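Okay, final-v8.pdb now, which holds PDB, C-alpha atoms:
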```
ATOM      1  CA  MET F 270    -177.969 125.841 -74.251
ATOM      2  CA  PRO F 271    -175.046 125.293 -71.916
ATOM      3  CA  ALA F 272    -175.983 123.172 -68.902
ATOM      4  CA  THR F 273    -173.631 122.383 -66.063
ATOM      5  CA  ILE F 274    -174.466 119.510 -63.700
ATOM      6  CA  ARG F 275    -172.085 118.668 -60.893
ATOM      7  CA  LEU F 276    -172.337 116.256 -57.964
ATOM      8  CA  GLN F 277    -169.641 116.912 -55.427
ATOM      9  CA  SER F 278    -168.764 116.778 -51.755
ATOM     10  CA  ALA F 279    -167.077 120.200 -51.922
ATOM     11  CA  ASP F 280    -168.897 123.469 -51.272
ATOM     12  CA  PHE F 281    -169.935 125.831 -54.086
ATOM     13  CA  ASP F 282    -170.075 129.600 -54.565
ATOM     14  CA  ALA F 283    -173.559 130.586 -55.761
ATOM     15  CA  ALA F 284    -172.530 134.097 -56.859
ATOM     16  CA  ALA F 285    -169.533 132.812 -58.819
ATOM     17  CA  GLU F 286    -171.669 130.164 -60.563
ATOM     18  CA  ALA F 287    -174.285 132.768 -61.550
ATOM     19  CA  ALA F 288    -171.568 135.111 -62.838
ATOM     20  CA  LEU F 289    -170.139 132.285 -64.985
ATOM     21  CA  LEU F 290    -173.519 131.858 -66.722
ATOM     22  CA  THR F 291    -173.863 135.529 -67.646
ATOM     23  CA  ARG F 292    -170.250 136.486 -68.353
ATOM     24  CA  GLY F 293    -169.805 138.168 -71.720
ATOM     25  CA  ARG F 294    -173.487 137.844 -72.671
ATOM     26  CA  THR F 295    -176.075 140.489 -73.435
ATOM     27  CA  ASP F 296    -179.025 138.234 -74.329
ATOM     28  CA  ILE F 297    -179.698 137.182 -70.713
ATOM     29  CA  GLY F 298    -182.190 139.417 -68.925
ATOM     30  CA  ALA F 299    -182.871 137.310 -65.830
ATOM     31  CA  VAL F 300    -180.911 134.969 -63.570
ATOM     32  CA  VAL F 301    -182.574 133.073 -60.724
ATOM     33  CA  THR F 302    -180.301 131.513 -58.111
ATOM     34  CA  PHE F 303    -181.691 129.077 -55.562
ATOM     35  CA  THR F 304    -179.560 127.649 -52.741
ATOM     36  CA  GLY F 305    -180.809 124.892 -50.417
ATOM     37  CA  ILE F 306    -179.120 125.042 -46.994
ATOM     38  CA  CYS F 307    -178.841 122.497 -44.172
ATOM     39  CA  ARG F 308    -181.092 123.584 -41.247
ATOM     40  CA  GLY F 309    -180.089 123.151 -37.612
ATOM     41  CA  SER F 310    -183.476 121.804 -36.546
ATOM     42  CA  GLU F 311    -186.434 119.907 -37.932
ATOM     43  CA  ALA F 312    -189.877 120.119 -36.301
ATOM     44  CA  GLY F 313    -188.299 121.553 -33.142
ATOM     45  CA  ALA F 314    -185.626 118.847 -32.781
ATOM     46  CA  PRO F 315    -181.972 119.851 -33.204
ATOM     47  CA  ILE F 316    -179.943 118.307 -36.031
ATOM     48  CA  ALA F 317    -176.177 117.962 -35.555
ATOM     49  CA  ALA F 318    -175.471 116.977 -39.158
ATOM     50  CA  MET F 319    -176.956 115.476 -42.295
ATOM     51  CA  THR F 320    -175.463 112.885 -44.615
ATOM     52  CA  LEU F 321    -176.535 112.768 -48.250
ATOM     53  CA  GLU F 322    -176.245 109.440 -50.039
ATOM     54  CA  HIS F 323    -176.652 109.276 -53.816
ATOM     55  CA  TYR F 324    -176.702 106.797 -56.693
ATOM     56  CA  PRO F 325    -173.671 107.733 -58.793
ATOM     57  CA  GLY F 326    -174.338 107.410 -62.501
ATOM     58  CA  MET F 327    -178.100 107.551 -62.168
ATOM     59  CA  ALA F 328    -178.172 110.904 -60.338
ATOM     60  CA  GLU F 329    -176.393 112.761 -63.164
ATOM     61  CA  THR F 330    -178.568 111.129 -65.848
ATOM     62  CA  GLU F 331    -181.799 111.829 -63.986
ATOM     63  CA  ILE F 332    -180.920 115.502 -63.398
ATOM     64  CA  ALA F 333    -179.846 115.907 -67.048
ATOM     65  CA  ARG F 334    -183.187 114.515 -68.189
ATOM     66  CA  HIS F 335    -185.043 117.103 -66.126
ATOM     67  CA  VAL F 336    -182.821 119.912 -67.392
ATOM     68  CA  GLU F 337    -183.761 118.835 -70.940
ATOM     69  CA  GLU F 338    -187.422 118.917 -69.976
ATOM     70  CA  ALA F 339    -187.018 122.411 -68.501
ATOM     71  CA  GLU F 340    -185.349 123.558 -71.738
ATOM     72  CA  ALA F 341    -188.293 122.213 -73.723
ATOM     73  CA  ARG F 342    -190.855 123.964 -71.525
ATOM     74  CA  TRP F 343    -189.279 127.379 -71.038
ATOM     75  CA  ARG F 344    -186.998 129.668 -72.984
ATOM     76  CA  LEU F 345    -183.690 129.245 -71.159
ATOM     77  CA  LEU F 346    -180.195 130.449 -71.959
ATOM     78  CA  GLY F 347    -178.295 128.566 -69.283
ATOM     79  CA  VAL F 348    -178.720 126.173 -66.345
ATOM     80  CA  THR F 349    -176.329 125.178 -63.577
ATOM     81  CA  ILE F 350    -177.169 122.522 -60.986
ATOM     82  CA  ILE F 351    -174.785 121.502 -58.220
ATOM     83  CA  HIS F 352    -175.838 118.903 -55.644
ATOM     84  CA  ARG F 353    -173.550 118.065 -52.741
ATOM     85  CA  HIS F 354    -173.214 114.635 -51.124
ATOM     86  CA  GLY F 355    -171.551 113.376 -47.953
ATOM     87  CA  ARG F 356    -171.792 114.813 -44.432
ATOM     88  CA  LEU F 357    -173.035 118.383 -44.071
ATOM     89  CA  VAL F 358    -173.565 120.469 -40.941
ATOM     90  CA  PRO F 359    -176.201 123.165 -40.302
ATOM     91  CA  GLY F 360    -175.469 126.250 -42.358
ATOM     92  CA  ASP F 361    -173.757 124.260 -45.138
ATOM     93  CA  ASN F 362    -174.969 124.583 -48.704
ATOM     94  CA  ILE F 363    -176.738 121.463 -50.068
ATOM     95  CA  VAL F 364    -177.948 122.261 -53.564
ATOM     96  CA  LEU F 365    -177.690 125.052 -56.131
ATOM     97  CA  VAL F 366    -179.980 125.732 -59.078
ATOM     98  CA  VAL F 367    -179.197 128.649 -61.390
ATOM     99  CA  THR F 368    -181.381 129.416 -64.396
ATOM    100  CA  ALA F 369    -180.713 132.137 -66.975
ATOM    101  CA  ALA F 370    -183.334 133.372 -69.440
ATOM    102  CA  PRO F 371    -184.218 136.429 -71.506
ATOM    103  CA  HIS F 372    -187.098 137.166 -69.082
ATOM    104  CA  ARG F 373    -187.762 136.500 -65.397
ATOM    105  CA  GLY F 374    -190.918 134.388 -65.805
ATOM    106  CA  ASP F 375    -189.032 131.569 -67.539
ATOM    107  CA  ALA F 376    -186.094 131.760 -65.125
ATOM    108  CA  PHE F 377    -188.330 131.622 -62.009
ATOM    109  CA  ALA F 378    -190.556 128.817 -63.310
ATOM    110  CA  ALA F 379    -187.668 126.646 -64.521
ATOM    111  CA  ALA F 380    -185.771 127.027 -61.224
ATOM    112  CA  GLU F 381    -188.820 126.002 -59.194
ATOM    113  CA  PHE F 382    -189.582 123.087 -61.545
ATOM    114  CA  LEU F 383    -185.995 121.811 -61.281
ATOM    115  CA  MET F 384    -185.991 122.063 -57.463
ATOM    116  CA  ASP F 385    -189.352 120.267 -57.155
ATOM    117  CA  TYR F 386    -188.006 117.425 -59.294
ATOM    118  CA  LEU F 387    -184.672 117.244 -57.464
ATOM    119  CA  LYS F 388    -186.608 116.730 -54.221
ATOM    120  CA  THR F 389    -188.674 113.803 -55.459
ATOM    121  CA  ARG F 390    -187.003 112.148 -58.467
ATOM    122  CA  ALA F 391    -183.241 112.602 -58.171
ATOM    123  CA  PRO F 392    -181.707 109.577 -56.391
ATOM    124  CA  PHE F 393    -180.495 111.246 -53.187
ATOM    125  CA  TRP F 394    -181.326 110.253 -49.605
ATOM    126  CA  LYS F 395    -180.870 112.336 -46.476
ATOM    127  CA  GLN F 396    -179.959 110.916 -43.106
ATOM    128  CA  GLU F 397    -180.114 113.231 -40.084
ATOM    129  CA  GLU F 398    -178.068 113.019 -36.895
ATOM    130  CA  ARG F 399    -180.530 113.794 -34.080
ATOM    131  CA  PRO F 400    -180.042 113.631 -30.304
ATOM    132  CA  ASP F 401    -181.752 110.207 -30.202
ATOM    133  CA  GLY F 402    -179.762 108.725 -33.085
ATOM    134  CA  THR F 403    -179.535 108.819 -36.878
ATOM    135  CA  VAL F 404    -182.714 108.649 -38.949
ATOM    136  CA  TRP F 405    -183.419 108.501 -42.654
ATOM    137  CA  VAL F 406    -185.607 111.438 -43.646
ATOM    138  CA  ASP F 407    -189.099 110.438 -44.803
ATOM    139  CA  ALA F 408    -190.299 111.682 -48.174
ATOM    140  CA  LYS F 409    -192.830 114.477 -47.719
ATOM    141  CA  SER F 410    -196.203 114.352 -49.431
ATOM    142  CA  ALA F 411    -195.988 118.147 -49.897
ATOM    143  CA  ASP F 412    -192.871 117.614 -52.044
ATOM    144  CA  ASP F 413    -194.674 114.981 -54.153
ATOM    145  CA  ALA F 414    -197.611 117.355 -54.606
ATOM    146  CA  ALA F 415    -195.232 120.152 -55.670
ATOM    147  CA  ALA F 416    -193.634 117.901 -58.317
ATOM    148  CA  ASP F 417    -197.000 116.521 -59.488
ATOM    149  CA  ARG F 418    -198.426 119.935 -60.294
ATOM    150  CA  TRP F 419    -195.834 120.380 -63.088
ATOM    151  CA  ALA F 420    -196.957 117.123 -64.720
ATOM    152  CA  LYS F 421    -200.600 118.246 -64.392
ATOM    153  CA  GLN F 422    -199.790 121.621 -65.910
ATOM    154  CA  ARG F 423    -198.149 119.871 -68.825
ATOM    155  CA  GLN F 424    -201.107 117.541 -69.335
ATOM    156  CA  ALA F 425    -203.445 120.539 -69.279
ATOM    157  CA  ALA F 426    -201.350 122.284 -71.924
ATOM    158  CA  GLU F 427    -201.360 119.261 -74.239
TER
ATOM    159  CA  MET P 206    -179.554  85.283 -65.898
ATOM    160  CA  SER P 207    -177.288  87.065 -63.454
ATOM    161  CA  VAL P 208    -178.160  90.607 -62.456
ATOM    162  CA  LYS P 209    -176.327  93.200 -60.392
ATOM    163  CA  LEU P 210    -178.376  94.598 -57.515
ATOM    164  CA  LEU P 211    -177.692  97.911 -55.821
ATOM    165  CA  TYR P 212    -179.196  99.010 -52.503
ATOM    166  CA  PHE P 213    -179.381 102.523 -51.081
ATOM    167  CA  ALA P 214    -180.236 104.289 -47.811
ATOM    168  CA  TRP P 215    -182.193 102.176 -45.297
ATOM    169  CA  VAL P 216    -182.605  99.301 -47.757
ATOM    170  CA  ARG P 217    -178.783  99.083 -47.849
ATOM    171  CA  GLU P 218    -178.531  99.386 -44.051
ATOM    172  CA  ARG P 219    -181.108  96.667 -43.390
ATOM    173  CA  LEU P 220    -179.322  94.291 -45.775
ATOM    174  CA  GLY P 221    -175.859  95.155 -44.512
ATOM    175  CA  ARG P 222    -174.579  95.446 -48.087
ATOM    176  CA  GLY P 223    -174.637  97.953 -50.929
ATOM    177  CA  GLU P 224    -174.486  95.600 -53.883
ATOM    178  CA  GLU P 225    -174.392  91.983 -54.976
ATOM    179  CA  VAL P 226    -174.861  89.790 -58.045
ATOM    180  CA  VAL P 227    -177.748  87.309 -57.962
ATOM    181  CA  GLU P 228    -179.215  84.652 -60.280
ATOM    182  CA  PRO P 229    -182.982  84.774 -59.866
ATOM    183  CA  PRO P 230    -184.781  81.556 -60.866
ATOM    184  CA  ALA P 231    -187.040  81.360 -63.917
ATOM    185  CA  GLY P 232    -190.459  82.689 -63.001
ATOM    186  CA  VAL P 233    -189.000  85.841 -61.465
ATOM    187  CA  THR P 234    -189.922  88.142 -64.330
ATOM    188  CA  THR P 235    -190.839  91.522 -62.821
ATOM    189  CA  VAL P 236    -189.396  93.932 -60.257
ATOM    190  CA  ALA P 237    -192.198  92.884 -57.861
ATOM    191  CA  ASP P 238    -191.278  89.193 -58.370
ATOM    192  CA  LEU P 239    -187.639  90.016 -57.679
ATOM    193  CA  MET P 240    -188.521  91.776 -54.403
ATOM    194  CA  ALA P 241    -190.692  88.822 -53.322
ATOM    195  CA  TRP P 242    -187.890  86.375 -54.157
ATOM    196  CA  LEU P 243    -185.295  88.494 -52.327
ATOM    197  CA  ALA P 244    -187.561  88.730 -49.250
ATOM    198  CA  GLY P 245    -187.310  84.942 -48.911
ATOM    199  CA  ARG P 246    -183.503  84.851 -48.859
ATOM    200  CA  GLY P 247    -183.040  85.448 -45.136
ATOM    201  CA  GLU P 248    -183.950  87.523 -42.119
ATOM    202  CA  GLU P 249    -182.258  90.720 -43.268
ATOM    203  CA  TYR P 250    -183.910  90.437 -46.698
ATOM    204  CA  ALA P 251    -187.311  89.833 -45.119
ATOM    205  CA  PHE P 252    -186.767  92.975 -43.000
ATOM    206  CA  ALA P 253    -185.594  95.136 -45.930
ATOM    207  CA  PHE P 254    -188.452  94.053 -48.213
ATOM    208  CA  GLU P 255    -191.175  93.680 -45.545
ATOM    209  CA  ASN P 256    -193.188  96.477 -47.171
ATOM    210  CA  PRO P 257    -192.394  96.372 -50.911
ATOM    211  CA  LYS P 258    -194.952  99.110 -51.640
ATOM    212  CA  VAL P 259    -192.657 101.753 -50.123
ATOM    213  CA  ILE P 260    -189.572 100.614 -52.038
ATOM    214  CA  ARG P 261    -188.715 102.268 -55.339
ATOM    215  CA  ALA P 262    -186.730 100.614 -58.102
ATOM    216  CA  ALA P 263    -184.583 101.534 -61.080
ATOM    217  CA  ILE P 264    -183.506  99.297 -63.966
ATOM    218  CA  ASN P 265    -180.297 100.272 -65.728
ATOM    219  CA  ARG P 266    -180.452 103.647 -63.898
ATOM    220  CA  THR P 267    -183.989 104.572 -64.964
ATOM    221  CA  HIS P 268    -186.967 104.718 -62.573
ATOM    222  CA  VAL P 269    -189.431 101.837 -63.110
ATOM    223  CA  LYS P 270    -192.643 100.572 -61.578
ATOM    224  CA  ALA P 271    -192.871  97.302 -59.648
ATOM    225  CA  SER P 272    -194.676  95.763 -62.628
ATOM    226  CA  ALA P 273    -191.707  96.396 -64.967
ATOM    227  CA  PRO P 274    -190.117  93.279 -66.537
ATOM    228  CA  ILE P 275    -186.509  92.589 -65.540
ATOM    229  CA  ALA P 276    -185.585  90.784 -68.772
ATOM    230  CA  GLY P 277    -182.347  92.294 -70.076
ATOM    231  CA  ALA P 278    -181.662  94.228 -66.866
ATOM    232  CA  LYS P 279    -177.957  94.573 -66.116
ATOM    233  CA  GLU P 280    -178.422  96.621 -62.962
ATOM    234  CA  VAL P 281    -181.460  96.802 -60.684
ATOM    235  CA  ALA P 282    -181.460  99.245 -57.765
ATOM    236  CA  PHE P 283    -183.776  99.292 -54.741
ATOM    237  CA  PHE P 284    -184.183 102.328 -52.503
ATOM    238  CA  PRO P 285    -186.681 104.289 -50.391
ATOM    239  CA  PRO P 286    -188.515 107.334 -51.800
ATOM    240  CA  MET P 287    -185.972 110.014 -52.632
ATOM    241  CA  THR P 288    -185.250 112.961 -50.348
ATOM    242  CA  GLY P 289    -182.777 115.113 -52.266
ATOM    243  CA  GLY P 290    -182.685 118.844 -52.851
TER
END
```
Let me see the structure of the file written as structure tokens.
Amino acid sequence: MPATIRLQSADFDAAAEAALLTRGRTDIGAVVTFTGICRGSEAGAPIAAMTLEHYPGMAETEIARHVEEAEARWRLLGVTIIHRHGRLVPGDNIVLVVTAAPHRGDAFAAAEFLMDYLKTRAPFWKQEERPDGTVWVDAKSADDAAADRWAKQRQAAE
Amino acid sequence: MSVKLLYFAWVRERLGRGEEVVEPPAGVTTVADLMAWLAGRGEEYAFAFENPKVIRAAINRTHVKASAPIAGAKEVAFFPPMTGG
């Protein structure tokens, strides 16, 4: 299965990336495209910008490992993941996950699985520029719970 | 044994550096030992590693627990819980 993983400071075009996965193919029946976007406020406080730091080398490897796991769990025909780093302003794209499959169930599940893991296991850190200064974003327990349920599901299936 | 250390996010900011090479003494055998040893190297280290429970680690670019042995590690990274996506 072709998988594309890119870490870049440049923007991406979600529609163009999805079209690349399906071009010339008739076996794909479902494409799910998820785009994470930088919000202009968090819990009521305005955010001027966000800077994403990452661990080059490890980030690619870690994402690739999770793409392999997604391939093992669902029937997929293509995956594209693009994660931006550097300084982003509200409205900017942050992350793209595209999954292609014969049927929608696999495409939806794999896209959600990959996003949940990107949030909690991929070595990226967000720093927000708020009116009172810059702060590193705290990990959210809701994100950990979202990632944990996939491990539980897997244990239950085994 | 010399080992390359990498620091990210607020761990990096508190230390004022992103990487360095250190030679931990014998007896420093796990990631937890390494954090305890680093915490004793100066004020900024004490600040960065004041609460080792919240710091995550990777050895040779793979996530590990604090109990993991560091024997054979070329690169050890310390960072806060991840907030990507």
> Can you list, as a VMD selection string, every protein, DNA or RNA residue that comes within 12 Å of Gly289 (chain P) when you count only C-alpha atoms, leaving out same-chain residues fewer than 3 positions away?
Replying inline: (chain F and resid 276 305 to 307 319 to 324 328 332 351 to 354 363 to 365 383 to 396 405 to 409 412) or (chain P and resid 214 285 to 286)
>> Between CA of Arg266 (chain P) and CA of Tyr250 (chain P), what distance in Å does the model show, to one decimal?
In response: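 So the answer is 22.0 Å.
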> the PyMOL selection byres ((chain P) within 12 of (chain F)) on the file shown: which residues, as a ChimeraX atom specification?
Replying inline: /P:211-218,223-224,259-269,280-290
Pick out the residues sitting within 10 Å of Leu243 (chain P), and hand them over as a PDB file with C-alpha atoms, in the frame of the given file; count all atoms listed in the file, and ignore anything fewer than 4 positions along from it in its own chain.
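Heads up, here's the output in around-v8.pdb:
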```
ATOM      1  CA  VAL P 227    -177.748  87.309 -57.962  1.00  0.00           C
ATOM      2  CA  PRO P 229    -182.982  84.774 -59.866  1.00  0.00           C
ATOM      3  CA  ALA P 237    -192.198  92.884 -57.861  1.00  0.00           C
ATOM      4  CA  ASP P 238    -191.278  89.193 -58.370  1.00  0.00           C
ATOM      5  CA  LEU P 239    -187.639  90.016 -57.679  1.00  0.00           C
ATOM      6  CA  GLY P 247    -183.040  85.448 -45.136  1.00  0.00           C
ATOM      7  CA  GLU P 249    -182.258  90.720 -43.268  1.00  0.00           C
ATOM      8  CA  TYR P 250    -183.910  90.437 -46.698  1.00  0.00           C
ATOM      9  CA  ALA P 251    -187.311  89.833 -45.119  1.00  0.00           C
ATOM     10  CA  ALA P 253    -185.594  95.136 -45.930  1.00  0.00           C
ATOM     11  CA  PHE P 254    -188.452  94.053 -48.213  1.00  0.00           C
TER      12      PHE P 254
END
```
> In Å to one decimal, how far is CA of Arg275 (chain F) from CA of Ala278 (chain P)?
Replying inline: 26.9 Å
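Here CA of Arg308 (chain F) is placed at a distance of 14.8 Å from CA of Pro400 (chain F).
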>> List as a PyMOL selection string the protein and nucleic acid residues near region 272-275 of chain P, meaning an atom at most 7 Å away when only C-alpha atoms are counted, but skip any in the same chain fewer than 6 places from it.
In response: chain P and resi 234-237
For the selection just defined, write its residues with C-alpha atoms to a file, as a PDB file, in the coordinates of the input.
```
ATOM      1  CA  THR P 234    -189.922  88.142 -64.330  1.00  0.00           C
ATOM      2  CA  THR P 235    -190.839  91.522 -62.821  1.00  0.00           C
ATOM      3  CA  VAL P 236    -189.396  93.932 -60.257  1.00  0.00           C
ATOM      4  CA  ALA P 237    -192.198  92.884 -57.861  1.00  0.00           C
TER       5      ALA P 237
END
```
> Can you tell me, as an NGL selection string, what residues are no more than 7 Å from Ala317 (chain F) when counting all atoms listed in the file, ignoring any on the same chain fewer than 6 positions away?
Replying inline: :F and (309 or 358 or 398-399)
>> What's around Glu228 (chain P) at 7 Å? Count only C-alpha atoms, leave out sequence neighbours fewer than 5 positions away in its own chain, and write the answer as a list of chain:residue names.
In response: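 Listing them by chain and then by number gives P:Met206, P:Ser207, P:Val208.
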>> When the PyMOL selection byres ((chain F and resi 337) around 12) is applied to the structure above, which residues does it catch, written out as a PyMOL selection string?
In response: chain F and resi 270-274+330-336+338-345+347-348+379+382-383
> Given the file above and the PyMOL selection byres ((chain F and resi 282) around 12), which residues are selected, and can you give them as a ChimeraX atom specification?
Replying inline: /F:279-281,283-289,302-304,349-351,361-367
